[in-house]
Structure formats: C-alpha cells, structure tokens
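Okay, coords.tsv now, which holds TSV, C-alpha atoms:
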chain	number	residue	atom	x	y	z
T	238	PRO	CA	24.51	-39.60	-16.22
T	239	GLY	CA	27.46	-37.58	-17.42
T	240	LEU	CA	25.75	-34.17	-17.44
T	241	PRO	CA	27.64	-31.44	-15.58
T	242	ALA	CA	26.34	-29.93	-12.37
T	243	GLY	CA	24.01	-26.97	-12.78
T	244	LEU	CA	20.59	-26.01	-14.12
T	245	HIS	CA	19.53	-27.74	-17.35
T	246	HIS	CA	16.63	-26.99	-19.68
T	247	LEU	CA	14.74	-29.55	-21.76
T	248	LEU	CA	12.31	-28.69	-24.56
T	249	LEU	CA	10.29	-31.44	-26.26
T	250	GLN	CA	8.37	-30.58	-29.41
T	251	VAL	CA	6.11	-32.57	-31.72
T	252	LEU	CA	6.32	-31.30	-35.30
T	253	ASP	CA	3.54	-31.29	-37.85
T	254	ASP	CA	3.72	-32.77	-41.37
T	255	THR	CA	5.59	-29.70	-42.63
T	256	GLY	CA	8.23	-29.94	-39.91
T	257	LYS	CA	6.97	-26.95	-37.99
T	258	PRO	CA	6.52	-27.06	-34.18
T	259	GLY	CA	3.17	-26.44	-32.60
T	260	LEU	CA	1.40	-29.76	-32.10
T	261	LEU	CA	2.93	-30.16	-28.66
T	262	ASP	CA	5.50	-28.15	-26.73
T	263	HIS	CA	6.72	-29.31	-23.34
T	264	TYR	CA	9.38	-27.44	-21.39
T	265	THR	CA	10.98	-28.43	-18.12
T	266	ALA	CA	14.00	-27.40	-16.08
T	267	PHE	CA	16.01	-29.64	-13.82
T	268	GLU	CA	19.12	-29.28	-11.69
T	269	ILE	CA	22.07	-31.63	-11.25
T	270	THR	CA	23.84	-31.14	-7.95
T	271	ARG	CA	26.91	-32.81	-6.56
T	272	LEU	CA	26.54	-32.90	-2.80
T	273	GLN	CA	29.22	-33.86	-0.35
T	274	ALA	CA	28.66	-37.00	1.68
T	275	PRO	CA	26.25	-36.41	4.58
T	276	GLU	CA	28.80	-37.75	7.07
T	277	SER	CA	31.17	-34.89	6.25
T	278	ILE	CA	28.63	-32.12	6.87
T	279	ILE	CA	29.40	-30.54	10.27
T	280	PRO	CA	30.44	-33.70	12.11
T	281	ILE	CA	29.40	-33.92	15.76
T	282	PRO	CA	32.37	-33.81	18.15
T	283	GLU	CA	32.80	-36.89	20.26
T	284	GLY	CA	30.95	-36.57	23.56
T	285	ALA	CA	28.79	-33.62	22.42
T	286	VAL	CA	25.38	-33.38	24.10
T	287	GLY	CA	22.36	-31.51	22.79
T	288	ILE	CA	20.61	-28.78	24.80
T	289	ARG	CA	16.84	-28.50	24.63
T	290	SER	CA	15.27	-25.06	24.39
T	291	GLU	CA	13.65	-25.35	27.82
T	292	GLU	CA	17.13	-25.93	29.29
T	293	LEU	CA	18.57	-22.68	27.96
T	294	PRO	CA	19.33	-20.02	30.61
T	295	ILE	CA	16.84	-17.44	29.35
T	296	ASP	CA	15.97	-14.39	31.44
T	297	PRO	CA	12.24	-14.73	32.23
T	298	SER	CA	11.62	-11.21	30.94
T	299	MET	CA	13.05	-12.26	27.55
T	300	ASP	CA	11.08	-15.51	27.29
T	301	PHE	CA	8.56	-14.40	24.66
T	302	ALA	CA	6.66	-17.71	24.82
T	303	ARG	CA	4.83	-16.55	27.92
T	304	TYR	CA	3.49	-13.55	26.00
T	305	SER	CA	1.94	-15.74	23.29
T	306	PRO	CA	-1.59	-15.73	24.83
T	307	LYS	CA	-1.56	-11.92	24.82
T	308	VAL	CA	-0.47	-11.78	21.19
T	309	GLN	CA	-3.11	-14.31	20.14
T	310	GLU	CA	-5.77	-12.32	21.98
T	311	MET	CA	-4.61	-9.15	20.23
T	312	LEU	CA	-4.78	-10.83	16.80
T	313	TYR	CA	-8.23	-12.26	17.51
T	314	ASN	CA	-9.63	-8.96	18.75
T	315	HIS	CA	-8.26	-7.11	15.73
T	316	GLN	CA	-9.92	-9.59	13.37
T	317	HIS	CA	-13.16	-9.77	15.37
T	318	PRO	CA	-14.52	-6.27	16.01
T	319	PRO	CA	-18.16	-6.03	17.18
T	320	GLN	CA	-20.21	-7.78	14.50
T	321	THR	CA	-22.51	-4.79	14.23
T	322	SER	CA	-19.55	-2.73	12.96
T	323	CYS	CA	-18.56	-5.10	10.13
T	324	ARG	CA	-20.48	-2.99	7.64
T	325	SER	CA	-18.42	0.11	8.39
T	326	MET	CA	-15.00	-1.45	9.11
T	327	PRO	CA	-12.10	-0.74	6.72
T	328	PHE	CA	-10.87	-3.98	5.15
T	329	LEU	CA	-7.68	-5.23	3.60
T	330	ILE	CA	-8.81	-7.78	1.01
T	331	TRP	CA	-5.94	-10.14	0.21
T	332	GLU	CA	-5.76	-11.82	-3.21
T	333	PRO	CA	-2.72	-13.91	-4.18
T	334	TRP	CA	-1.67	-14.13	-7.81
T	335	GLY	CA	-2.05	-17.31	-9.83
T	336	ILE	CA	-2.34	-20.88	-8.61
T	337	VAL	CA	-0.43	-21.21	-5.35
T	338	GLY	CA	-0.10	-23.95	-2.77
T	339	PHE	CA	-1.18	-23.76	0.84
T	340	GLY	CA	2.30	-22.77	2.02
T	341	ALA	CA	2.30	-19.75	-0.27
T	342	GLN	CA	-1.19	-18.79	0.91
T	343	LEU	CA	-0.04	-19.00	4.51
T	344	LEU	CA	3.04	-16.90	3.80
T	345	GLY	CA	1.00	-14.28	1.99
T	346	LEU	CA	-1.56	-14.04	4.76
T	347	ARG	CA	1.19	-13.56	7.35
T	348	VAL	CA	2.23	-10.50	5.37
T	349	ALA	CA	-1.40	-9.41	5.07
T	350	MET	CA	-1.90	-9.69	8.84
T	351	SER	CA	1.10	-7.48	9.45
T	352	LEU	CA	-0.09	-4.88	6.92
T	353	GLY	CA	-3.61	-5.02	8.34
T	354	LEU	CA	-2.40	-4.29	11.85
T	355	GLN	CA	-0.12	-1.51	10.63
T	356	THR	CA	-2.97	0.19	8.78
T	357	GLN	CA	-5.78	-0.74	11.21
T	358	ARG	CA	-7.66	-2.76	8.63
T	359	VAL	CA	-9.41	-6.11	9.18
T	360	VAL	CA	-7.83	-8.75	6.94
T	361	VAL	CA	-10.20	-10.82	4.80
T	362	GLY	CA	-10.04	-12.64	1.49
T	363	ASN	CA	-12.03	-12.56	-1.72
T	364	PRO	CA	-14.08	-15.76	-1.26
T	365	ASP	CA	-14.90	-16.36	-4.93
T	366	TRP	CA	-11.29	-15.80	-5.97
T	367	GLU	CA	-9.92	-18.02	-3.23
T	368	ASN	CA	-12.35	-20.85	-3.94
T	369	ASN	CA	-11.43	-20.92	-7.61
T	370	LEU	CA	-7.74	-20.66	-6.78
T	371	VAL	CA	-7.71	-23.49	-4.23
T	372	ASN	CA	-9.89	-25.83	-6.27
T	373	SER	CA	-7.67	-25.33	-9.34
T	374	GLU	CA	-4.58	-26.05	-7.23
T	375	LEU	CA	-6.06	-29.19	-5.68
T	376	LYS	CA	-7.24	-30.61	-9.02
T	377	TRP	CA	-3.77	-30.09	-10.49
T	378	ARG	CA	-1.74	-31.31	-7.50
T	379	PHE	CA	-3.88	-34.34	-6.60
T	380	ASN	CA	-5.04	-35.20	-10.14
T	381	LEU	CA	-8.71	-34.66	-9.30
T	382	THR	CA	-11.44	-34.21	-11.89
T	383	GLU	CA	-13.51	-32.10	-9.50
T	384	SER	CA	-12.90	-30.17	-6.27
T	385	ASN	CA	-15.29	-28.06	-4.25
T	386	GLN	CA	-13.25	-27.67	-1.06
T	387	GLY	CA	-12.60	-23.96	-1.49
T	388	SER	CA	-10.46	-21.73	0.70
T	389	PRO	CA	-9.01	-23.32	3.87
T	390	TRP	CA	-10.51	-20.35	5.77
T	391	GLY	CA	-13.82	-20.41	3.91
T	392	GLU	CA	-17.17	-21.98	4.70
T	393	LEU	CA	-16.06	-25.40	3.41
T	394	GLY	CA	-12.50	-25.13	4.71
T	395	SER	CA	-10.94	-26.87	7.72
T	396	LEU	CA	-9.53	-23.76	9.44
T	397	GLN	CA	-11.32	-21.16	11.51
T	398	GLU	CA	-12.28	-18.08	9.53
T	399	LEU	CA	-9.91	-15.12	9.38
T	400	SER	CA	-12.60	-12.80	10.69
T	401	TRP	CA	-16.31	-13.03	11.35
T	402	CYS	CA	-16.58	-10.00	9.08
T	403	ALA	CA	-15.32	-12.09	6.14
T	404	SER	CA	-18.83	-12.74	4.82
T	405	SER	CA	-19.92	-9.10	5.14
T	406	SER	CA	-21.59	-7.75	2.00
T	407	ASN	CA	-19.21	-4.81	2.32
T	408	VAL	CA	-16.34	-7.17	1.44
T	409	LEU	CA	-18.16	-8.64	-1.55
T	410	GLU	CA	-18.92	-5.14	-2.85
T	411	SER	CA	-15.27	-4.10	-2.58
T	412	VAL	CA	-13.49	-6.89	-4.48
T	413	ARG	CA	-13.77	-4.94	-7.70
T	414	ALA	CA	-11.82	-2.02	-6.25
T	415	LEU	CA	-8.62	-1.15	-8.04
T	416	PRO	CA	-5.38	-2.37	-6.39
T	417	GLY	CA	-2.35	-0.19	-5.92
T	418	VAL	CA	-3.82	2.34	-3.53
T	419	ASP	CA	-2.08	3.71	-0.47
T	420	MET	CA	-3.24	1.64	2.48
T	421	ASN	CA	-2.51	4.56	4.81
T	422	ASP	CA	-5.07	6.76	3.07
T	423	ILE	CA	-7.83	6.86	5.70
T	424	SER	CA	-10.26	8.31	3.16
T	425	ILE	CA	-10.38	4.94	1.37
T	426	SER	CA	-12.75	2.47	3.01
T	427	ASN	CA	-11.43	-0.83	1.66
T	428	VAL	CA	-8.32	-1.78	-0.27
T	429	ARG	CA	-7.69	-4.88	-2.33
T	430	VAL	CA	-4.09	-6.04	-2.11
T	431	SER	CA	-3.41	-8.11	-5.20
T	432	GLY	CA	-0.05	-9.78	-5.41
T	433	ASP	CA	2.41	-12.30	-4.09
T	434	LEU	CA	5.09	-11.67	-1.46
T	435	TRP	CA	7.24	-9.61	-3.84
T	436	GLY	CA	4.50	-7.99	-5.89
T	437	VAL	CA	2.41	-6.59	-3.07
T	438	GLU	CA	1.72	-2.89	-2.84
T	439	ASN	CA	3.55	-1.09	-0.02
T	440	ARG	CA	6.22	-3.80	-0.26
T	441	GLU	CA	8.70	-1.73	1.73
T	442	ARG	CA	6.62	-2.47	4.85
T	443	ILE	CA	6.40	-6.25	4.44
T	444	PHE	CA	9.06	-7.07	7.02
T	445	GLU	CA	7.94	-4.56	9.64
T	446	MET	CA	6.37	-5.76	12.88
T	447	PRO	CA	3.22	-3.87	13.88
T	448	GLU	CA	3.76	-1.41	16.71
T	449	VAL	CA	0.69	-2.77	18.51
T	450	ALA	CA	2.42	-6.16	18.79
T	451	MET	CA	5.72	-4.74	19.97
T	452	LYS	CA	3.97	-2.83	22.77
T	453	LEU	CA	2.93	-6.14	24.33
T	454	LEU	CA	6.55	-7.19	24.91
T	455	PRO	CA	9.28	-5.83	27.18
T	456	GLU	CA	11.86	-6.02	24.37
T	457	PRO	CA	11.46	-5.97	20.58
T	458	PRO	CA	11.13	-9.58	19.32
T	459	ASN	CA	12.64	-10.90	16.11
T	460	LEU	CA	10.72	-11.34	12.87
T	461	PHE	CA	10.80	-15.14	13.09
T	462	TRP	CA	9.00	-15.05	16.45
T	463	TRP	CA	6.35	-12.69	15.07
T	464	TRP	CA	5.69	-14.91	12.06
T	465	THR	CA	5.29	-17.99	14.28
T	466	GLU	CA	2.60	-16.12	16.19
T	467	THR	CA	0.72	-15.08	13.04
T	468	THR	CA	1.03	-18.63	11.66
T	469	HIS	CA	-0.46	-19.97	14.89
T	470	TYR	CA	-3.43	-17.63	14.53
T	471	LEU	CA	-3.94	-18.48	10.85
T	472	HIS	CA	-3.77	-22.24	11.44
T	473	ARG	CA	-6.53	-22.66	14.04
T	474	PRO	CA	-8.37	-25.89	13.17
T	475	LYS	CA	-12.12	-26.23	13.20
T	476	PRO	CA	-13.45	-28.96	15.55
T	477	LYS	CA	-13.76	-31.46	12.69
T	478	LEU	CA	-10.12	-31.06	11.70
T	479	GLY	CA	-9.02	-31.14	15.34
T	480	SER	CA	-10.77	-34.48	15.75
T	481	PHE	CA	-9.19	-35.77	12.55
T	482	ILE	CA	-5.71	-34.81	13.79
T	483	GLU	CA	-6.23	-36.63	17.09
T	484	ALA	CA	-7.63	-39.70	15.30
T	485	GLN	CA	-4.60	-39.84	12.98
T	486	LYS	CA	-2.24	-39.59	15.97
T	487	LYS	CA	-4.00	-42.53	17.59
T	488	LEU	CA	-3.80	-44.64	14.42
T	489	MET	CA	-0.07	-43.92	14.10
T	490	GLY	CA	0.70	-44.54	17.77
T	491	TRP	CA	1.94	-41.00	18.38
T	492	GLU	CA	4.41	-41.10	21.27
T	493	HIS	CA	7.07	-38.54	22.15
T	494	PRO	CA	9.91	-37.89	21.54
T	495	ILE	CA	9.48	-37.59	17.78
T	496	ILE	CA	11.64	-36.23	14.95
T	497	GLY	CA	9.49	-34.44	12.36
T	498	ILE	CA	10.68	-34.55	8.74
T	499	HIS	CA	9.11	-32.86	5.72
T	500	MET	CA	10.62	-33.88	2.37
T	501	ARG	CA	9.95	-31.11	-0.15
T	502	LEU	CA	9.99	-32.99	-3.45
T	503	GLY	CA	6.89	-31.98	-5.43
T	504	VAL	CA	6.83	-31.70	-9.19
T	505	ASP	CA	7.19	-27.91	-9.14
T	506	LYS	CA	9.82	-27.65	-6.39
T	507	ASN	CA	12.98	-27.98	-8.53
T	508	ARG	CA	12.90	-24.23	-9.15
T	509	GLU	CA	12.14	-23.25	-5.55
T	510	ALA	CA	14.26	-25.36	-3.19
T	511	GLN	CA	17.22	-27.70	-3.28
T	512	ARG	CA	16.29	-31.37	-3.28
T	513	PHE	CA	18.20	-33.79	-1.09
T	514	PRO	CA	18.35	-37.60	-1.27
T	515	THR	CA	16.69	-39.56	1.54
T	516	LYS	CA	20.03	-40.42	3.14
T	517	TYR	CA	20.59	-36.76	4.06
T	518	TYR	CA	17.35	-36.61	6.05
T	519	ILE	CA	18.27	-39.84	7.84
T	520	HIS	CA	21.74	-38.51	8.59
T	521	GLU	CA	20.19	-35.52	10.36
T	522	ALA	CA	17.90	-37.87	12.30
T	523	ARG	CA	20.97	-39.84	13.41
T	524	ARG	CA	22.65	-36.61	14.54
T	525	ILE	CA	19.61	-35.71	16.65
T	526	ARG	CA	19.50	-39.19	18.14
T	527	LYS	CA	23.19	-38.97	19.01
T	528	LEU	CA	22.85	-35.53	20.61
T	529	PHE	CA	19.68	-36.15	22.58
T	530	GLY	CA	19.50	-39.93	22.96
T	531	GLY	CA	16.42	-42.08	23.11
T	532	VAL	CA	14.85	-40.62	19.96
T	533	GLY	CA	13.83	-43.51	17.78
T	534	THR	CA	10.63	-42.31	16.09
T	535	ILE	CA	10.38	-40.26	12.89
T	536	PHE	CA	7.19	-38.68	11.60
T	537	VAL	CA	7.64	-38.09	7.88
T	538	CYS	CA	5.46	-36.33	5.32
T	539	SER	CA	6.05	-35.25	1.75
T	540	ASP	CA	4.28	-34.08	-1.39
T	541	ARG	CA	5.68	-37.20	-3.06
T	542	LYS	CA	4.33	-40.48	-1.64
T	543	SER	CA	7.06	-42.59	-3.21
T	544	ALA	CA	9.72	-40.74	-1.18
T	545	VAL	CA	7.97	-41.66	2.07
T	546	THR	CA	7.62	-45.28	0.96
T	547	LYS	CA	11.33	-45.39	0.10
T	548	MET	CA	12.37	-43.99	3.48
T	549	ILE	CA	10.26	-46.55	5.33
T	550	SER	CA	11.53	-49.47	3.25
T	551	GLU	CA	15.21	-48.49	3.53
T	552	TYR	CA	15.38	-47.22	7.12
T	553	GLY	CA	12.33	-48.72	8.81
T	554	LYS	CA	14.48	-51.15	10.80
T	555	GLU	CA	16.76	-48.40	12.13
T	556	PHE	CA	13.97	-45.99	13.12
T	557	ARG	CA	10.29	-46.35	13.85
T	558	ILE	CA	8.96	-44.31	10.92
T	559	ILE	CA	5.32	-43.22	10.96
T	560	THR	CA	3.27	-41.32	8.41
T	561	GLN	CA	-0.39	-40.48	8.04
T	562	PRO	CA	-2.59	-43.43	7.06
T	563	LYS	CA	-5.23	-42.97	4.40
T	564	VAL	CA	-8.75	-42.65	5.77
T	565	GLU	CA	-11.85	-43.20	3.66
T	566	GLY	CA	-13.68	-39.95	3.00
T	567	ALA	CA	-10.85	-37.65	4.15
T	568	LEU	CA	-10.14	-34.63	1.93
T	569	PRO	CA	-6.65	-33.82	0.55
T	570	MET	CA	-6.42	-30.55	2.48
T	571	GLU	CA	-7.19	-32.36	5.75
T	572	TYR	CA	-4.00	-34.36	5.27
T	573	VAL	CA	-2.06	-31.17	4.48
T	574	HIS	CA	-3.29	-29.38	7.60
T	575	THR	CA	-2.63	-32.45	9.74
T	576	ASP	CA	0.93	-32.76	8.42
T	577	LEU	CA	1.56	-29.13	9.37
T	578	ALA	CA	0.03	-29.56	12.82
T	579	LEU	CA	2.03	-32.73	13.56
T	580	LEU	CA	5.32	-31.23	12.38
T	581	GLY	CA	4.62	-28.44	14.86
T	582	GLU	CA	3.99	-30.99	17.61
T	583	SER	CA	7.20	-32.91	16.89
T	584	ASP	CA	10.04	-32.50	19.39
T	585	TYR	CA	12.82	-32.06	16.80
Could I get this file's structure written as structure tokens?
Amino acid sequence: PGLPAGLHHLLLQVLDDTGKPGLLDHYTAFEITRLQAPESIIPIPEGAVGIRSEELPIDPSMDFARYSPKVQEMLYNHQHPPQTSCRSMPFLIWEPWGIVGFGAQLLGLRVAMSLGLQTQRVVVGNPDWENNLVNSELKWRFNLTESNQGSPWGELGSLQELSWCASSSNVLESVRALPGVDMNDISISNVRVSGDLWGVENRERIFEMPEVAMKLLPEPPNLFWWWTETTHYLHRPKPKLGSFIEAQKKLMGWEHPIIGIHMRLGVDKNREAQRFPTKYYIHEARRIRKLFGGVGTIFVCSDRKSAVTKMISEYGKEFRIITQPKVEGALPMEYVHTDLALLGESDY
C-alpha cells in the first residue's frame, strides 16, 4: 500500500559473514496498476441487444467457416505424405528456445506450419528436445519431482502427432544441423528452425499466409482466421483425451449456453499480460448476460487454483460457475488440453 502505479523491482539478498552477497539472490518484478471501476468501462446503452455471429448478414461466398473442412484436409495432406516417402521428404524441424508453456508451443507451431507450407517442408519437432522441454516445464509449473509426459504431440502426449513422418530416422539424423539456413534453398534437405516467435530465422515471413491456403478461398482471409485453422489442426485430441473431455463435461453438467473465462494469473505472467481482479471478469459476464439473456453458466479455468475458488465463493450464487473436477490418475496436461477444448466449445 502506498506505492505508486508502475513496474517495481524487488531484490532480496542473503549476505555472508563478511557482508558480501552471494548466499542467496532472489529477484522479482511486480506491477501496481490503478484500474477504473469495471462499471465505467464501455457501459451498455439501455435496451441494447447482442447479435450472435450466426445472425450476421454475411454473404455466403465470404463465410469462411464452410471452407474449414477443405483447409483441414490441405493441412493433413501436407503433413501426411505417402509414408514410403518420409525418408526423402524435406523437413522443417521446429525447436523452441528455453522452457515454454503449452500456449507458447502452440503459437510457435502455428508459425512453423505457415513456414512449412510456404517452403513445402513437412513440419516436425525434435522429440528428445521437446520431451526434455515439456517435462522441465511441468515439473516447475506443477511442483512435480518427476515427469515423463513428454511432448503433447509425442508418443506419450495427448494430441495427434504433427505428421506420421515425425518418427522417421531422417528427422533424428537432422537435429544436429546448424540453424540459420535459408529455408527456400531447395538444395538443403532438412532445416532446423531454432527460436521463439521473434527469434526465428526468416522472421519477415512469419505473418504471411501460405499461397496454397489462399487458393482454397474466394477472397483472401485475415490472419486471425488462418491461425484458428492451424490451431484446430494442431489441437486434435487422441481418443483417450477425447474421452476424458467428454467425461469431464458430464461431471460438470455441461449445458449451453456457457460463458468461458480464462484467468491468466500464473507466477510468471506479471511480465507478459495485465492482471485483472475477479470483479472485472464477472462484470464482463454480466454484460454478456444483459446483451444475450438467459446466460447463467460460467466455465472458468486458470493457472492459479485459488483464483477459481475465490470466484466460485464470491459469485457462485449469482452465476452457476463450473470448473474441471480433479480425477484420480489424470495428468496435468490432460487438464490443460481440456480447458482449451472447453473454452473453444463455450458460446461466449
């Protein structure tokens, strides 16, 4: 209390007997923000009524949703050439930097898919690298002593593989290749793209849509639409995860219409995204209920369990608030994938 708004830095040090630092150094950054009251943020005019997307007067030729099956087929075919040709196919081997969460992996692979289509390379990952990366992330985030879950797209993962060429020995032989090569150089068989969204080679092409995708549509789509299609391809559950999702819906009493809320509050998020108190999420839920009527159920998920508990305890009488129950034997990543799937299924 009393600190001014803005970013603050805190350094804690334990000194040795001589007064010198070094026994323990702990640094953290935190932000103090003064937000206006939620009620004053874009008030809804009296009598306003919400319009659902299916009610919009869209020209059928511009309704890109009906082209989704074609795009998904194109993505699948690109990633699944004849299995006999996996040995000779050119690959784009994607390796993110450092320990990253699932969201960052998903974002990076969306970029990789676009680059792969632009350069006619099948997109795969480095399995050993990904397994170490994911297990390190899960042990840190969920305070586990051991984790052997590996890549979400790997043999032990919950999502369908990126390509059936992913386990080709040609991929394993190529992970030692030097990064930084020109992906348009057809004389190079495989390239290893090592980097995050901003450190990737050929970064000037990150936000381009592949020409092969644009040819499927009567008009050029926007980038957001393209990324929803690649996300849909990347997040195809295996049968076990699909069954888990349906079982969780049954336990929660999943009934439409539903407002989906994700509260981004993890320990490392203060540097990445603005945090908002619970009352701001509830205010938006009230706005949706006022605009559309009859919406009384909220599905909430968060990387901080206490925030979900607080929302239920404070607003559980105003809304029916549901969240995933804990199931014996379920893995942490199964909950993560299910949260993502259910947010996608929510109406608002």
Do a neighbour search on range 469-475 of chain T at 12 Å with all atoms listed in the file, toss out local chain neighbours closer than 4 positions, and write the hits as a ChimeraX atom specification.
/T:305-316,339-340,342-350,360-361,389-400,462-465,479-483,570-571,573-578,581
Mind giving me the axis-aligned box for range 470-485 of chain T with 5 Å on every side, centre plus edges in Å to one decimal, as lines of an AutoDock Vina configuration file?
center_x = -8.6
center_y = -28.7
center_z = 14.0
size_x = 20.3
size_y = 32.2
size_z = 16.2
Find, counting all atoms listed in the file, the residue in T:Gly284, T:Gly566, T:Pro294, T:Gly243 that gets nearest to Glu268 in chain T.
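So, comparing all the options, the nearest one is T:Gly243.
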Would you compute the distance between CA of Gln357 in chain T and CA of Pro455 in chain T? Give it in Å to one decimal.
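Atom-to-atom, CA of Gln357 in chain T to CA of Pro455 in chain T, that is 22.5 Å.
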So how many Å separate CA of Val251 in chain T and CA of Ser373 in chain T, to one decimal?
27.3 Å
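Separating CA of Glu276 in chain T from CA of Ile525 in chain T is a distance of 13.4 Å.
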Let me make sure I understand: among T:Ile288, T:Ala450, T:Ile279, T:Leu248, which one has the smallest atom-to-atom distance to Tyr304 in chain T if we use all atoms listed in the file?
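Once distances to Tyr304 in chain T are computed over all atoms listed in the file, the minimum belongs to T:Ala450.
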If I only want range 554-574 of chain T, can you write it with N, CA and C atoms, as a PDB file, in the first residue's frame?
ATOM      1  N   LYS T 554     -23.473 -17.636  -6.184  1.00  0.00           N
ATOM      2  CA  LYS T 554     -24.925 -17.504  -6.055  1.00  0.00           C
ATOM      3  C   LYS T 554     -25.526 -16.693  -7.206  1.00  0.00           C
ATOM      4  N   GLU T 555     -24.703 -15.874  -7.845  1.00  0.00           N
ATOM      5  CA  GLU T 555     -25.183 -15.059  -8.962  1.00  0.00           C
ATOM      6  C   GLU T 555     -25.128 -15.828 -10.276  1.00  0.00           C
ATOM      7  N   PHE T 556     -24.083 -16.642 -10.452  1.00  0.00           N
ATOM      8  CA  PHE T 556     -23.923 -17.460 -11.650  1.00  0.00           C
ATOM      9  C   PHE T 556     -23.705 -18.917 -11.231  1.00  0.00           C
ATOM     10  N   ARG T 557     -24.058 -19.816 -12.116  1.00  0.00           N
ATOM     11  CA  ARG T 557     -23.658 -21.211 -11.936  1.00  0.00           C
ATOM     12  C   ARG T 557     -22.246 -21.321 -12.504  1.00  0.00           C
ATOM     13  N   ILE T 558     -21.265 -21.488 -11.638  1.00  0.00           N
ATOM     14  CA  ILE T 558     -19.864 -21.476 -12.048  1.00  0.00           C
ATOM     15  C   ILE T 558     -19.319 -22.896 -11.971  1.00  0.00           C
ATOM     16  N   ILE T 559     -18.825 -23.393 -13.097  1.00  0.00           N
ATOM     17  CA  ILE T 559     -18.294 -24.750 -13.150  1.00  0.00           C
ATOM     18  C   ILE T 559     -16.818 -24.700 -13.524  1.00  0.00           C
ATOM     19  N   THR T 560     -16.078 -25.673 -13.063  1.00  0.00           N
ATOM     20  CA  THR T 560     -14.667 -25.811 -13.387  1.00  0.00           C
ATOM     21  C   THR T 560     -14.331 -27.288 -13.369  1.00  0.00           C
ATOM     22  N   GLN T 561     -13.228 -27.660 -13.958  1.00  0.00           N
ATOM     23  CA  GLN T 561     -12.898 -29.078 -14.054  1.00  0.00           C
ATOM     24  C   GLN T 561     -12.697 -29.705 -12.679  1.00  0.00           C
ATOM     25  N   PRO T 562     -13.333 -30.844 -12.417  1.00  0.00           N
ATOM     26  CA  PRO T 562     -13.042 -31.564 -11.171  1.00  0.00           C
ATOM     27  C   PRO T 562     -11.743 -32.347 -11.307  1.00  0.00           C
ATOM     28  N   LYS T 563     -11.123 -32.631 -10.190  1.00  0.00           N
ATOM     29  CA  LYS T 563      -9.924 -33.452 -10.192  1.00  0.00           C
ATOM     30  C   LYS T 563     -10.307 -34.918 -10.314  1.00  0.00           C
ATOM     31  N   VAL T 564      -9.585 -35.635 -11.147  1.00  0.00           N
ATOM     32  CA  VAL T 564      -9.853 -37.046 -11.393  1.00  0.00           C
ATOM     33  C   VAL T 564      -8.590 -37.836 -11.077  1.00  0.00           C
ATOM     34  N   GLU T 565      -8.738 -38.878 -10.294  1.00  0.00           N
ATOM     35  CA  GLU T 565      -7.581 -39.681  -9.907  1.00  0.00           C
ATOM     36  C   GLU T 565      -6.902 -40.282 -11.139  1.00  0.00           C
ATOM     37  N   GLY T 566      -5.604 -40.092 -11.221  1.00  0.00           N
ATOM     38  CA  GLY T 566      -4.824 -40.656 -12.310  1.00  0.00           C
ATOM     39  C   GLY T 566      -4.682 -39.760 -13.522  1.00  0.00           C
ATOM     40  N   ALA T 567      -5.429 -38.640 -13.580  1.00  0.00           N
ATOM     41  CA  ALA T 567      -5.332 -37.736 -14.727  1.00  0.00           C
ATOM     42  C   ALA T 567      -4.016 -36.967 -14.680  1.00  0.00           C
ATOM     43  N   LEU T 568      -3.438 -36.699 -15.852  1.00  0.00           N
ATOM     44  CA  LEU T 568      -2.169 -35.994 -15.944  1.00  0.00           C
ATOM     45  C   LEU T 568      -2.397 -34.492 -16.056  1.00  0.00           C
ATOM     46  N   PRO T 569      -1.455 -33.664 -15.590  1.00  0.00           N
ATOM     47  CA  PRO T 569      -1.615 -32.206 -15.671  1.00  0.00           C
ATOM     48  C   PRO T 569      -1.941 -31.703 -17.072  1.00  0.00           C
ATOM     49  N   MET T 570      -1.254 -32.240 -18.095  1.00  0.00           N
ATOM     50  CA  MET T 570      -1.509 -31.744 -19.448  1.00  0.00           C
ATOM     51  C   MET T 570      -2.895 -32.112 -19.959  1.00  0.00           C
ATOM     52  N   GLU T 571      -3.502 -33.176 -19.413  1.00  0.00           N
ATOM     53  CA  GLU T 571      -4.863 -33.517 -19.820  1.00  0.00           C
ATOM     54  C   GLU T 571      -5.842 -32.438 -19.375  1.00  0.00           C
ATOM     55  N   TYR T 572      -5.594 -31.863 -18.200  1.00  0.00           N
ATOM     56  CA  TYR T 572      -6.434 -30.760 -17.741  1.00  0.00           C
ATOM     57  C   TYR T 572      -6.221 -29.523 -18.624  1.00  0.00           C
ATOM     58  N   VAL T 573      -4.981 -29.266 -18.995  1.00  0.00           N
ATOM     59  CA  VAL T 573      -4.675 -28.105 -19.840  1.00  0.00           C
ATOM     60  C   VAL T 573      -5.380 -28.226 -21.189  1.00  0.00           C
ATOM     61  N   HIS T 574      -5.245 -29.393 -21.831  1.00  0.00           N
ATOM     62  CA  HIS T 574      -5.889 -29.587 -23.132  1.00  0.00           C
ATOM     63  C   HIS T 574      -7.406 -29.505 -23.021  1.00  0.00           C
TER      64      HIS T 574
END
